[in-house]
>>> print(open('data_15.txt').read())   # compact mmCIF, C-alpha atoms
# COMPACT_ATOMS: atom_id res chain seq x y z
CA MET J 291 92.66 76.62 25.21
CA GLY J 292 90.31 74.31 23.28
CA LEU J 293 86.58 75.03 23.09
CA PRO J 294 84.97 77.69 25.30
CA LYS J 295 83.94 76.08 28.57
CA ILE J 296 83.27 76.69 32.25
CA ILE J 297 85.85 75.19 34.63
CA PHE J 298 85.25 74.61 38.33
CA ASN J 299 88.29 74.44 40.59
CA ILE J 300 86.82 72.75 43.65
CA ALA J 301 88.52 73.44 46.98
CA THR J 302 89.12 70.42 49.18
CA THR J 303 89.87 72.11 52.51
CA GLY J 304 87.11 74.67 52.91
CA LEU J 305 85.26 72.84 55.68
CA GLY J 306 88.29 72.77 57.96
CA LEU J 307 87.78 69.07 58.66
CA LEU J 308 89.93 67.50 61.33
CA THR J 309 92.76 65.06 60.68
CA GLY J 310 92.12 61.42 61.60
CA ASN J 311 91.95 60.71 65.30
CA VAL J 312 94.95 58.97 66.85
CA GLN J 313 94.16 55.64 68.48
CA LYS J 314 96.13 54.12 71.39
CA VAL J 315 96.79 50.79 69.66
CA PRO J 316 98.82 48.24 71.65
CA GLY J 317 101.35 45.70 70.52
CA VAL J 318 103.06 42.86 72.36
CA VAL J 319 106.15 40.73 71.83
CA ILE J 320 105.74 37.52 73.83
CA THR J 321 107.11 34.01 74.24
CA GLY J 322 105.53 31.49 71.87
CA SER J 323 106.04 28.83 69.24
CA THR J 324 105.61 28.46 65.51
CA VAL J 325 102.39 26.76 64.40
CA ALA J 326 102.73 25.41 60.87
CA GLY J 327 100.58 27.23 58.36
CA LYS J 328 99.34 29.74 60.94
CA ILE J 329 102.06 31.72 62.66
CA THR J 330 105.83 31.75 62.68
CA ILE J 331 108.20 33.02 65.35
CA GLY J 332 109.19 36.58 64.44
CA GLU J 333 106.07 37.19 62.32
CA SER J 334 103.90 40.27 62.95
CA LYS J 335 100.17 39.65 63.27
CA GLN J 336 97.30 42.13 63.56
CA LEU J 337 94.38 40.86 65.66
CA PHE J 338 90.89 42.17 66.37
CA SER J 339 89.47 39.34 68.48
CA LEU J 340 90.35 36.23 70.43
CA GLU J 341 88.98 34.26 67.49
CA ASP J 342 91.55 35.97 65.23
CA ALA J 343 94.27 34.89 67.65
CA GLU J 344 93.04 31.30 67.72
CA GLY J 345 92.87 31.25 63.94
CA ALA J 346 96.50 32.39 63.88
CA GLY J 347 97.65 29.52 66.08
CA ILE J 348 97.56 31.37 69.39
CA THR J 349 95.48 28.78 71.19
CA LYS J 350 95.44 27.27 74.65
CA ALA J 351 96.89 24.06 73.20
CA ASP J 352 99.54 25.43 70.82
CA ASN J 353 100.62 28.66 72.55
CA PRO J 354 99.21 28.64 76.10
CA PHE J 355 101.34 31.49 77.46
CA ALA J 356 100.56 33.90 74.62
CA TYR J 357 96.92 32.77 74.61
CA LYS J 358 96.56 33.60 78.30
CA HIS J 359 97.66 37.19 77.76
CA VAL J 360 95.71 37.72 74.54
CA LYS J 361 92.58 36.36 76.24
CA ALA J 362 93.13 38.70 79.20
CA PHE J 363 93.45 41.57 76.73
CA TYR J 364 90.12 40.75 75.07
CA ASP J 365 88.38 39.98 78.35
CA TYR J 366 88.97 43.64 79.20
CA ALA J 367 89.20 45.44 75.85
CA LYS J 368 86.49 43.37 74.11
CA THR J 369 86.20 42.08 70.55
CA GLY J 370 87.04 44.62 67.86
CA SER J 371 90.00 46.09 69.73
CA GLU J 372 93.17 46.09 67.68
CA ILE J 373 96.40 44.55 68.93
CA TRP J 374 99.59 43.58 67.12
CA ILE J 375 101.53 40.53 68.27
CA MET J 376 104.84 38.82 67.62
CA LEU J 377 105.89 35.49 69.09
CA VAL J 378 109.52 34.84 70.00
CA SER J 379 111.25 31.71 71.29
CA ASP J 380 111.66 31.11 75.01
CA ALA J 381 115.42 31.54 74.49
CA THR J 382 114.92 35.17 73.42
CA SER J 383 115.64 37.62 76.24
CA MET J 384 113.58 40.74 76.82
CA GLU J 385 116.79 42.71 76.32
CA SER J 386 117.05 41.27 72.80
CA ILE J 387 113.36 41.88 72.14
CA ALA J 388 113.73 45.59 72.98
CA ASP J 389 117.08 46.04 71.22
CA ASN J 390 116.72 48.47 68.31
CA THR J 391 119.48 46.66 66.42
CA GLN J 392 117.56 43.39 66.38
CA GLU J 393 114.45 42.38 64.45
CA PHE J 394 111.95 41.78 67.24
CA ALA J 395 110.11 44.79 68.72
CA LYS J 396 111.62 47.04 66.06
CA LYS J 397 110.25 44.81 63.30
CA LEU J 398 106.79 44.71 64.86
CA LEU J 399 106.67 48.50 65.22
CA ASN J 400 107.80 49.02 61.63
CA GLU J 401 105.39 46.48 60.18
CA ALA J 402 102.51 48.02 62.13
CA GLY J 403 103.26 51.24 60.22
CA GLY J 404 103.36 53.48 63.27
CA ARG J 405 99.96 52.38 64.61
CA ILE J 406 101.34 50.95 67.87
CA ARG J 407 101.37 53.53 70.69
CA VAL J 408 102.01 51.19 73.64
CA LEU J 409 104.19 48.10 73.40
CA GLY J 410 104.24 45.23 75.89
CA ILE J 411 107.34 43.07 76.27
CA ILE J 412 107.03 39.83 78.22
CA LYS J 413 109.01 36.60 78.41
CA LYS J 414 107.87 33.39 80.05
CA SER J 415 110.12 32.62 83.01
CA LEU J 416 112.11 29.40 82.70
CA GLY J 417 113.00 29.34 86.39
CA THR J 418 116.75 29.52 85.80
CA GLU J 419 117.17 33.28 85.53
CA THR J 420 119.88 35.31 87.25
CA SER J 421 118.55 37.82 89.76
CA ALA J 422 119.60 41.47 90.05
CA GLY J 423 117.86 44.42 91.66
CA GLY J 424 115.20 42.15 93.12
CA LEU J 425 114.11 40.90 89.68
CA ASP J 426 115.27 38.80 86.76
CA ALA J 427 118.46 40.58 85.63
CA ASP J 428 117.07 40.66 82.09
CA VAL J 429 114.45 43.22 83.16
CA ASP J 430 116.78 46.17 83.79
CA LYS J 431 118.71 45.41 80.60
CA ALA J 432 115.43 45.47 78.68
CA VAL J 433 114.49 48.82 80.23
CA ILE J 434 117.64 50.45 78.88
CA LYS J 435 117.09 49.02 75.40
CA ALA J 436 113.39 49.93 75.42
CA GLN J 437 114.17 53.60 76.11
CA GLN J 438 116.57 53.64 73.16
CA LEU J 439 114.01 51.91 70.94
CA SER J 440 111.16 54.26 71.83
CA THR J 441 113.34 57.34 71.40
CA GLU J 442 114.31 56.17 67.91
CA PHE J 443 110.67 55.74 66.92
CA ALA J 444 109.63 59.07 68.44
CA ASP J 445 112.21 60.74 66.20
CA LYS J 446 110.44 59.10 63.23
CA TYR J 447 107.02 60.46 64.37
CA PHE J 448 106.02 56.96 65.52
CA PRO J 449 105.94 57.62 69.29
CA VAL J 450 105.53 54.55 71.50
CA ARG J 451 105.56 53.86 75.24
CA VAL J 452 106.83 50.49 76.51
CA LEU J 453 105.55 48.25 79.33
CA ILE J 454 107.91 45.50 80.48
CA SER J 455 107.08 42.55 82.69
CA ALA J 456 109.07 42.75 85.94
CA ASN J 457 109.66 39.00 86.15
CA ASN J 458 110.70 37.00 89.22
CA PHE J 459 110.39 39.52 92.05
CA SER J 460 112.50 38.31 94.97
CA GLY J 461 109.92 39.48 97.51
CA ASN J 462 112.46 41.83 99.10
CA VAL J 463 111.38 45.43 98.48
CA GLN J 464 114.77 46.79 99.58
CA GLU J 465 116.42 44.91 96.73
CA LEU J 466 114.26 46.56 94.08
CA LYS J 467 116.12 49.08 91.95
CA ASP J 468 114.98 52.66 92.55
CA TYR J 469 113.84 53.94 89.16
CA SER J 470 112.97 57.39 90.52
CA THR J 471 116.66 58.23 90.00
CA THR J 472 116.80 57.13 86.34
CA GLU J 473 115.69 58.78 83.10
CA PHE J 474 113.71 56.15 81.24
CA ASN J 475 110.57 58.23 80.75
CA ARG J 476 109.15 56.14 77.92
CA VAL J 477 109.25 52.86 79.85
CA SER J 478 107.18 51.36 82.70
CA LEU J 479 107.52 48.17 84.74
CA VAL J 480 104.55 46.03 85.82
CA ILE J 481 105.37 43.80 88.80
CA ALA J 482 101.96 42.23 89.52
CA ASN J 483 99.57 39.67 88.10
CA THR J 484 96.27 37.95 88.77
CA ASP J 485 97.44 34.32 88.77
CA GLY J 486 100.51 34.10 91.02
CA GLU J 487 102.93 33.36 88.18
CA LYS J 488 106.41 34.83 87.71
CA GLU J 489 105.36 37.23 84.95
CA ALA J 490 103.18 40.35 85.06
CA SER J 491 99.61 40.56 83.75
CA MET J 492 100.63 42.19 80.47
CA GLY J 493 97.44 41.36 78.59
CA LEU J 494 95.32 42.96 81.31
CA ALA J 495 97.51 46.10 81.44
CA LEU J 496 97.40 46.53 77.66
CA GLY J 497 93.66 45.90 77.62
CA ARG J 498 93.11 48.58 80.21
CA LEU J 499 95.30 51.10 78.37
CA ALA J 500 93.63 50.38 75.03
CA SER J 501 90.19 50.96 76.55
CA ILE J 502 90.76 54.43 78.02
CA PRO J 503 91.47 57.85 76.46
CA VAL J 504 95.04 59.14 76.38
CA GLN J 505 94.73 61.40 79.43
CA ARG J 506 93.08 58.74 81.61
CA LYS J 507 95.10 57.19 84.43
CA ILE J 508 95.36 53.40 84.32
CA HIS J 509 94.56 53.44 88.05
CA ARG J 510 91.43 55.63 87.93
CA VAL J 511 89.14 54.18 90.60
CA ARG J 512 85.90 55.38 89.01
CA ASP J 513 86.46 52.97 86.11
CA GLY J 514 86.15 50.03 88.46
CA ALA J 515 88.36 47.16 89.52
CA VAL J 516 90.45 45.39 86.89
CA GLU J 517 90.50 42.15 88.91
CA ASN J 518 87.80 40.89 91.27
CA THR J 519 89.36 37.91 93.02
CA ALA J 520 93.08 38.08 93.82
CA ALA J 521 96.29 39.90 92.93
CA TYR J 522 99.92 38.85 93.33
CA TYR J 523 103.46 40.03 92.80
CA THR J 524 105.66 38.20 90.32
CA ASN J 525 107.04 36.06 93.15
CA GLY J 526 103.62 34.48 93.74
CA ALA J 527 102.89 36.35 97.00
CA LYS J 528 99.57 38.14 97.36
CA VAL J 529 99.83 41.92 97.14
CA GLU J 530 98.31 42.25 100.61
CA THR J 531 101.45 40.71 102.12
CA LEU J 532 103.36 43.94 101.45
CA THR J 533 100.75 46.59 102.23
CA THR J 534 103.17 48.42 104.52
CA ALA J 535 105.65 48.64 101.61
CA TRP J 536 103.19 49.82 98.95
CA ASP J 537 104.32 53.43 99.20
CA ASN J 538 107.95 52.37 98.89
CA ILE J 539 107.28 50.20 95.83
CA ALA J 540 105.32 53.03 94.23
CA ASP J 541 108.06 55.55 95.05
CA LYS J 542 110.50 53.33 93.14
CA ASN J 543 108.12 53.69 90.17
CA TYR J 544 106.81 50.13 89.82
CA ILE J 545 103.22 49.49 88.74
CA PHE J 546 101.40 46.85 90.79
CA LEU J 547 97.87 45.94 91.87
CA ARG J 548 96.30 47.22 95.07
CA ASN J 549 92.95 47.29 96.84
CA PHE J 550 91.01 49.84 98.89
CA ALA J 551 89.33 49.45 102.28
CA GLY J 552 85.61 48.88 101.92
CA ARG J 553 85.82 48.35 98.14
CA ALA J 554 85.94 44.99 96.41
CA GLY J 555 88.48 44.10 93.77
CA PHE J 556 91.95 45.25 92.76
CA TYR J 557 93.18 48.31 90.88
CA PHE J 558 96.44 49.33 89.25
CA SER J 559 98.56 51.37 91.65
CA THR J 560 99.93 54.17 89.43
CA ASP J 561 100.93 54.86 85.82
CA SER J 562 104.55 55.70 86.65
CA THR J 563 107.38 55.68 84.18
CA LEU J 564 110.97 55.02 85.22
CA THR J 565 112.16 58.55 85.66
CA LYS J 566 112.67 61.42 88.08
CA GLU J 567 109.88 63.20 89.95
CA THR J 568 110.65 66.44 88.09
CA ASP J 569 110.19 64.90 84.62
CA ASP J 570 107.02 66.05 82.81
CA PHE J 571 106.69 62.49 81.52
CA LYS J 572 106.88 60.69 84.82
CA THR J 573 103.45 59.23 83.99
CA LEU J 574 102.20 57.26 81.03
CA SER J 575 99.16 59.53 80.74
CA ASN J 576 101.24 62.67 80.16
CA GLY J 577 103.29 60.75 77.63
CA PHE J 578 100.27 59.53 75.69
CA VAL J 579 98.79 63.04 75.63
CA MET J 580 102.00 64.52 74.24
CA ASP J 581 102.37 61.73 71.69
CA LYS J 582 98.88 62.33 70.36
CA ALA J 583 99.36 66.11 70.17
CA VAL J 584 102.68 65.68 68.34
CA ILE J 585 101.13 63.36 65.76
CA ILE J 586 98.18 65.70 65.16
CA ALA J 587 100.46 68.73 64.76
CA TYR J 588 102.74 66.74 62.46
CA ASN J 589 99.84 65.68 60.23
CA VAL J 590 98.81 69.34 59.87
CA LEU J 591 102.27 70.79 59.35
CA VAL J 592 103.67 68.15 57.00
CA GLU J 593 101.28 69.46 54.34
CA ASN J 594 103.15 72.77 54.46
CA LEU J 595 106.68 71.36 54.36
CA ALA J 596 108.72 73.15 51.64
CA ASP J 597 105.66 75.22 50.73
CA GLU J 598 105.96 78.86 49.65
CA ILE J 599 105.46 81.41 52.44
CA PRO J 600 104.44 84.90 51.28
CA VAL J 601 106.22 87.72 53.11
CA THR J 602 105.47 91.39 53.64
CA ALA J 603 107.48 94.26 52.14
CA SER J 604 109.61 94.27 55.29
CA GLY J 605 110.46 90.60 54.83
CA THR J 606 108.33 89.20 57.66
CA ILE J 607 105.82 86.38 57.34
CA HIS J 608 102.49 87.54 56.00
CA PRO J 609 99.90 87.75 58.85
CA ALA J 610 97.41 85.73 56.82
CA ILE J 611 99.82 82.78 56.76
CA ILE J 612 100.39 83.06 60.51
CA LYS J 613 96.65 83.03 61.17
CA SER J 614 96.04 80.13 58.78
CA TRP J 615 98.68 77.87 60.32
CA GLN J 616 97.71 78.75 63.88
CA ASN J 617 94.04 78.04 63.19
CA ALA J 618 94.79 74.74 61.45
CA ILE J 619 96.87 73.36 64.33
CA GLU J 620 94.64 74.71 67.12
CA SER J 621 91.40 73.52 65.51
CA ASN J 622 92.75 70.00 65.07
CA ILE J 623 94.23 69.64 68.55
CA ASN J 624 91.25 71.32 70.22
CA GLY J 625 88.76 69.36 68.11
CA LEU J 626 90.39 65.99 68.69
CA MET J 627 91.71 66.46 72.23
CA THR J 628 90.49 69.52 74.18
CA SER J 629 86.83 68.97 73.32
CA ALA J 630 87.22 65.33 74.35
CA GLY J 631 88.64 66.28 77.76
CA GLU J 632 92.14 65.04 76.90
CA LEU J 633 93.60 68.55 77.28
CA SER J 634 92.49 71.71 79.07
CA ASN J 635 93.71 74.18 76.46
CA CYS J 636 95.96 74.55 73.42
CA LYS J 637 97.54 77.68 71.99
CA VAL J 638 99.77 78.00 68.91
CA ILE J 639 102.21 80.91 68.62
CA ILE J 640 104.18 81.79 65.47
CA ASP J 641 106.48 84.80 65.57
CA GLU J 642 105.75 86.71 62.35
CA THR J 643 109.12 88.50 62.51
CA GLN J 644 111.06 85.28 61.81
CA ASP J 645 113.56 85.61 58.98
CA VAL J 646 112.33 82.80 56.76
CA LEU J 647 113.83 84.40 53.64
CA THR J 648 117.38 83.97 54.90
CA THR J 649 117.14 80.85 57.07
CA GLY J 650 114.37 78.82 55.42
CA LYS J 651 113.26 77.92 58.95
CA LEU J 652 109.91 78.50 60.61
CA ILE J 653 109.54 77.98 64.36
CA VAL J 654 106.09 77.05 65.68
CA GLN J 655 105.41 77.07 69.44
CA ILE J 656 102.57 74.88 70.69
CA GLN J 657 101.49 75.31 74.31
CA LEU J 658 99.52 72.42 75.81
CA GLN J 659 97.72 72.74 79.13
CA PRO J 660 97.02 69.24 80.48
CA VAL J 661 94.12 68.22 82.67
CA GLY J 662 94.69 67.98 86.43
CA TYR J 663 94.29 64.86 88.55
CA ALA J 664 93.01 64.27 92.08
CA GLU J 665 95.90 61.93 92.90
CA TYR J 666 96.15 62.90 96.57
CA ILE J 667 93.12 64.01 98.54
CA THR J 668 93.59 65.54 102.00
CA VAL J 669 90.52 65.84 104.20
CA ASN J 670 90.44 68.02 107.30
CA ILE J 671 87.63 66.66 109.47
CA GLY J 672 86.57 67.14 113.08
CA PHE J 673 83.72 68.01 115.44
CA THR J 674 82.70 71.63 115.92
CA THR J 675 80.24 73.60 118.01
CA LYS J 676 79.50 75.98 115.16
CA ILE J 677 79.20 75.46 111.41
CA ASP J 678 80.88 78.15 109.26
CA THR J 679 78.51 79.89 106.85
>>> encode(input="data_15.txt", output="structure tokens")
Amino acid sequence: MGLPKIIFNIATTGLGLLTGNVQKVPGVVITGSTVAGKITIGESKQLFSLEDAEGAGITKADNPFAYKHVKAFYDYAKTGSEIWIMLVSDATSMESIADNTQEFAKKLLNEAGGRIRVLGIIKKSLGTETSAGGLDADVDKAVIKAQQLSTEFADKYFPVRVLISANNFSGNVQELKDYSTTEFNRVSLVIANTDGEKEASMGLALGRLASIPVQRKIHRVRDGAVENTAAYYTNGAKVETLTTAWDNIADKNYIFLRNFAGRAGFYFSTDSTLTKETDDFKTLSNGFVMDKAVIIAYNVLVENLADEIPVTASGTIHPAIIKSWQNAIESNINGLMTSAGELSNCKVIIDETQDVLTTGKLIVQIQLQPVGYAEYITVNIGFTTKIDT
């Protein structure tokens, strides 16, 4: 016991402080070259500015393709925004980049320590690619691998959504694969750019996503145009050349750039993922919201993993424990998401009659009510001889 003394046991959780907020950090794996002493192919780099990129050898002279996309990212997202980047050789296919058995995207995601929430995959076109489904055949192969990759990381509590450049559009909308019949709900395809090249504007898309909250649509008009001058498909044709096919392209779940009558500039068309209409995660926004909620709930609950759970005389979970866990999860999700307009409501339900003594299992139900969106607005308008009151 030692000498008589007064001991203070100071609680560290009495204020009910929230867990750290979850940022929508982007990453990109892109065609590039080694620059001696600065960056090596296959190396992961964390950047916070265009100057950081230039200092790492991603310059207009040494790595013009990667520089173009990083510059587009910072033109929109501004200095201070975090992005992770890996350069790969021009012989590396997007299928290989996305493959979870190879050390490209998987390596970048691991070395970022779970920070990356949206990953861009883009390869510079060499002009010799085989076409399939109206695009470079490599694109669809990459989609399949990207879904497998993102599912693996979601299972490790590192959820990530993937954007892939829909290279080399043939210009024939009928040839485009219909991704509304597939189930790749963690992957999106961008088929447009701002310079008429054969690759999508990945830097711009990632910059836009990094600059908006998780529930925000990439195509929200109120946020303003993402391009002021011109927009193209990845076959070099201006997007206006296929205005009559816009609905069809959107229905096949491709993301492109569009304009509006009487409004200057170009906007992203949708935030579709490559899945069925009935899938809750048919949009990137719903996916990002769920990913953030899962991470917040995980950070709260992991503290209680393998902890003792007091039970009542009848063997059920003590009500005080139920209330404590419910409050902890709800306060964090509501404090970090609902109050910020990222969710409408959150409710946590724990059945106190669960037999934790026998099974060692505790089931927690979290109900999330998302925000709604004015995606389609119907206006009934006409002349009248009498105004309704």
>>> closest_residue(input="data_15.txt", among="J:Glu489, J:Glu465, J:Glu344, J:Glu517", to="Gly417 (chain J)", atoms="only C-alpha atoms")
J:Glu489
>>> closest_atom_pairs(input="data_15.txt", of="region 456-531 of chain J", to="region 434-449 of chain J", cutoff="7 Å", atoms="all atoms listed in the file", output="CSV")
residue,atom,partner,partner_atom,distance
J:Phe474,CA,J:Gln437,CA,5.7
J:Arg476,CA,J:Gln437,CA,5.9
J:Val477,CA,J:Gln437,CA,6.2
>>> residues_around(input="data_15.txt", residues="Asn353 (chain J)", least_positions_apart="2", cutoff="9 Å", atoms="all atoms listed in the file", output="NGL selection string")
:J and (321-325 or 347-351 or 355-358)
>>> residues_near_point(input="data_15.txt", point="(99.1, 41.5, 85.0)", cutoff="7 Å", atoms="all atoms listed in the file", output="PDB file with C-alpha atoms, in the frame of the given file")
ATOM      1  CA  ALA J 482     101.960  42.230  89.520  1.00  0.00           C
ATOM      2  CA  ASN J 483      99.570  39.670  88.100  1.00  0.00           C
ATOM      3  CA  THR J 484      96.270  37.950  88.770  1.00  0.00           C
ATOM      4  CA  ALA J 490     103.180  40.350  85.060  1.00  0.00           C
ATOM      5  CA  SER J 491      99.610  40.560  83.750  1.00  0.00           C
ATOM      6  CA  MET J 492     100.630  42.190  80.470  1.00  0.00           C
ATOM      7  CA  GLY J 493      97.440  41.360  78.590  1.00  0.00           C
ATOM      8  CA  LEU J 494      95.320  42.960  81.310  1.00  0.00           C
ATOM      9  CA  ALA J 495      97.510  46.100  81.440  1.00  0.00           C
TER      10      ALA J 495
END
>>> atom_distance(input="data_15.txt", atom1="CA of Asp468 (chain J)", atom2="CA of Lys413 (chain J)")
22.2 Å
>>> atom_distance(input="data_15.txt", atom1="CA of Cys636 (chain J)", atom2="CA of Val661 (chain J)")
11.4 Å
>>> closest_residue(input="data_15.txt", among="J:Lys542, J:Lys414, J:Arg451, J:Lys528", to="Leu466 (chain J)", atoms="all atoms listed in the file")
J:Lys542
>>> closest_residue(input="data_15.txt", among="J:Thr573, J:Asn538, J:Thr472, J:Ser383", to="Ala432 (chain J)", atoms="all atoms listed in the file")
J:Ser383
>>> closest_residue(input="data_15.txt", among="J:Asn518, J:Asn462, J:Ser455, J:Ser334", to="Lys488 (chain J)", atoms="only C-alpha atoms")
J:Ser455
>>> closest_atom_pairs(input="data_15.txt", of="region 442-469 of chain J", to="region 422-428 of chain J", cutoff="6 Å", atoms="only C-alpha atoms", output="JSON lines")
{"residue": "J:Asn457", "atom": "CA", "partner": "J:Asp426", "partner_atom": "CA", "distance": 5.6}
{"residue": "J:Asn458", "atom": "CA", "partner": "J:Leu425", "partner_atom": "CA", "distance": 5.2}
{"residue": "J:Phe459", "atom": "CA", "partner": "J:Leu425", "partner_atom": "CA", "distance": 4.6}
{"residue": "J:Ser460", "atom": "CA", "partner": "J:Gly424", "partner_atom": "CA", "distance": 5.0}
{"residue": "J:Glu465", "atom": "CA", "partner": "J:Gly424", "partner_atom": "CA", "distance": 4.7}
{"residue": "J:Leu466", "atom": "CA", "partner": "J:Gly424", "partner_atom": "CA", "distance": 4.6}
{"residue": "J:Lys467", "atom": "CA", "partner": "J:Gly423", "partner_atom": "CA", "distance": 5.0}
>>> closest_residue(input="data_15.txt", among="J:Ile320, J:Ile619, J:Ile612, J:Ile653", to="Asp380 (chain J)", atoms="only C-alpha atoms")
J:Ile320
>>> atom_distance(input="data_15.txt", atom1="CA of Thr369 (chain J)", atom2="CA of Pro503 (chain J)")
17.6 Å
>>> residues_around(input="data_15.txt", residues="Gln505 (chain J)", least_positions_apart="5", cutoff="9 Å", atoms="all atoms listed in the file", output="ChimeraX atom specification")
/J:574-579,631-633,660-661
>>> axis_aligned_box(input="data_15.txt", around="region 572-588 of chain J", padding_each_side="3 Å", output="AutoDock Vina command-line options")
--center_x 102.5 --center_y 63.0 --center_z 73.6 --size_x 14.7 --size_y 17.5 --size_z 28.4
>>> residues_around(input="data_15.txt", residues="Val315 (chain J)", least_positions_apart="3", cutoff="8 Å", atoms="only C-alpha atoms", output="ChimeraX atom specification")
/J:372-373,405-408,500
>>> closest_residue(input="data_15.txt", among="J:Ile411, J:Pro354, J:Arg506, J:Leu416", to="Gly662 (chain J)", atoms="all atoms listed in the file")
J:Arg506
>>> residues_around(input="data_15.txt", residues="Glu473 (chain J)", least_positions_apart="4", cutoff="8 Å", atoms="all atoms listed in the file", output="ChimeraX atom specification")
/J:469,564-566
>>> residues_around(input="data_15.txt", residues="Thr533 (chain J)", least_positions_apart="5", cutoff="12 Å", atoms="only C-alpha atoms", output="list in words")
Val463, Tyr522, Tyr523, Ala527, Lys528, Asn538, Ile539, Ala540, Phe546, Leu547, Arg548, Asn549, Phe550, Ala551 and Ser559 of chain J
>>> residues_near_point(input="data_15.txt", point="(104.7, 42.0, 58.1)", cutoff="10 Å", atoms="all atoms listed in the file", output="VMD selection string")
chain J and resid 332 to 336 397 to 403
>>> decode(input="data_15.txt", residues="region 581-593 of chain J", atoms="N, CA, C and O atoms", output="PDB file, in the first residue's frame")
ATOM      1  N   ASP J 581     -20.240   3.819 -46.313  1.00  0.00           N
ATOM      2  CA  ASP J 581     -18.852   3.583 -45.923  1.00  0.00           C
ATOM      3  C   ASP J 581     -18.481   4.391 -44.686  1.00  0.00           C
ATOM      4  O   ASP J 581     -17.834   3.892 -43.762  1.00  0.00           O
ATOM      5  N   LYS J 582     -18.896   5.653 -44.670  1.00  0.00           N
ATOM      6  CA  LYS J 582     -18.565   6.506 -43.528  1.00  0.00           C
ATOM      7  C   LYS J 582     -19.257   6.018 -42.266  1.00  0.00           C
ATOM      8  O   LYS J 582     -18.637   5.963 -41.190  1.00  0.00           O
ATOM      9  N   ALA J 583     -20.533   5.644 -42.367  1.00  0.00           N
ATOM     10  CA  ALA J 583     -21.269   5.159 -41.204  1.00  0.00           C
ATOM     11  C   ALA J 583     -20.660   3.875 -40.660  1.00  0.00           C
ATOM     12  O   ALA J 583     -20.560   3.678 -39.443  1.00  0.00           O
ATOM     13  N   VAL J 584     -20.251   2.982 -41.555  1.00  0.00           N
ATOM     14  CA  VAL J 584     -19.628   1.721 -41.135  1.00  0.00           C
ATOM     15  C   VAL J 584     -18.333   1.986 -40.373  1.00  0.00           C
ATOM     16  O   VAL J 584     -18.075   1.384 -39.320  1.00  0.00           O
ATOM     17  N   ILE J 585     -17.513   2.896 -40.878  1.00  0.00           N
ATOM     18  CA  ILE J 585     -16.240   3.186 -40.225  1.00  0.00           C
ATOM     19  C   ILE J 585     -16.467   3.810 -38.850  1.00  0.00           C
ATOM     20  O   ILE J 585     -15.794   3.464 -37.872  1.00  0.00           O
ATOM     21  N   ILE J 586     -17.421   4.727 -38.749  1.00  0.00           N
ATOM     22  CA  ILE J 586     -17.725   5.357 -37.459  1.00  0.00           C
ATOM     23  C   ILE J 586     -18.205   4.314 -36.457  1.00  0.00           C
ATOM     24  O   ILE J 586     -17.741   4.261 -35.304  1.00  0.00           O
ATOM     25  N   ALA J 587     -19.147   3.465 -36.875  1.00  0.00           N
ATOM     26  CA  ALA J 587     -19.667   2.427 -35.987  1.00  0.00           C
ATOM     27  C   ALA J 587     -18.555   1.457 -35.579  1.00  0.00           C
ATOM     28  O   ALA J 587     -18.472   1.033 -34.423  1.00  0.00           O
ATOM     29  N   TYR J 588     -17.698   1.119 -36.525  1.00  0.00           N
ATOM     30  CA  TYR J 588     -16.579   0.219 -36.227  1.00  0.00           C
ATOM     31  C   TYR J 588     -15.657   0.829 -35.175  1.00  0.00           C
ATOM     32  O   TYR J 588     -15.249   0.154 -34.220  1.00  0.00           O
ATOM     33  N   ASN J 589     -15.323   2.101 -35.331  1.00  0.00           N
ATOM     34  CA  ASN J 589     -14.425   2.761 -34.383  1.00  0.00           C
ATOM     35  C   ASN J 589     -15.003   2.804 -32.979  1.00  0.00           C
ATOM     36  O   ASN J 589     -14.264   2.774 -31.988  1.00  0.00           O
ATOM     37  N   VAL J 590     -16.334   2.880 -32.866  1.00  0.00           N
ATOM     38  CA  VAL J 590     -16.983   2.858 -31.556  1.00  0.00           C
ATOM     39  C   VAL J 590     -16.992   1.436 -30.988  1.00  0.00           C
ATOM     40  O   VAL J 590     -16.625   1.201 -29.836  1.00  0.00           O
ATOM     41  N   LEU J 591     -17.403   0.484 -31.808  1.00  0.00           N
ATOM     42  CA  LEU J 591     -17.613  -0.874 -31.324  1.00  0.00           C
ATOM     43  C   LEU J 591     -16.326  -1.649 -31.081  1.00  0.00           C
ATOM     44  O   LEU J 591     -16.293  -2.551 -30.240  1.00  0.00           O
ATOM     45  N   VAL J 592     -15.272  -1.338 -31.821  1.00  0.00           N
ATOM     46  CA  VAL J 592     -14.032  -2.100 -31.667  1.00  0.00           C
ATOM     47  C   VAL J 592     -13.472  -1.952 -30.255  1.00  0.00           C
ATOM     48  O   VAL J 592     -12.781  -2.845 -29.742  1.00  0.00           O
ATOM     49  N   GLU J 593     -13.800  -0.848 -29.579  1.00  0.00           N
ATOM     50  CA  GLU J 593     -13.364  -0.657 -28.201  1.00  0.00           C
ATOM     51  C   GLU J 593     -13.995  -1.684 -27.260  1.00  0.00           C
ATOM     52  O   GLU J 593     -13.471  -1.965 -26.183  1.00  0.00           O
TER      53      GLU J 593
END
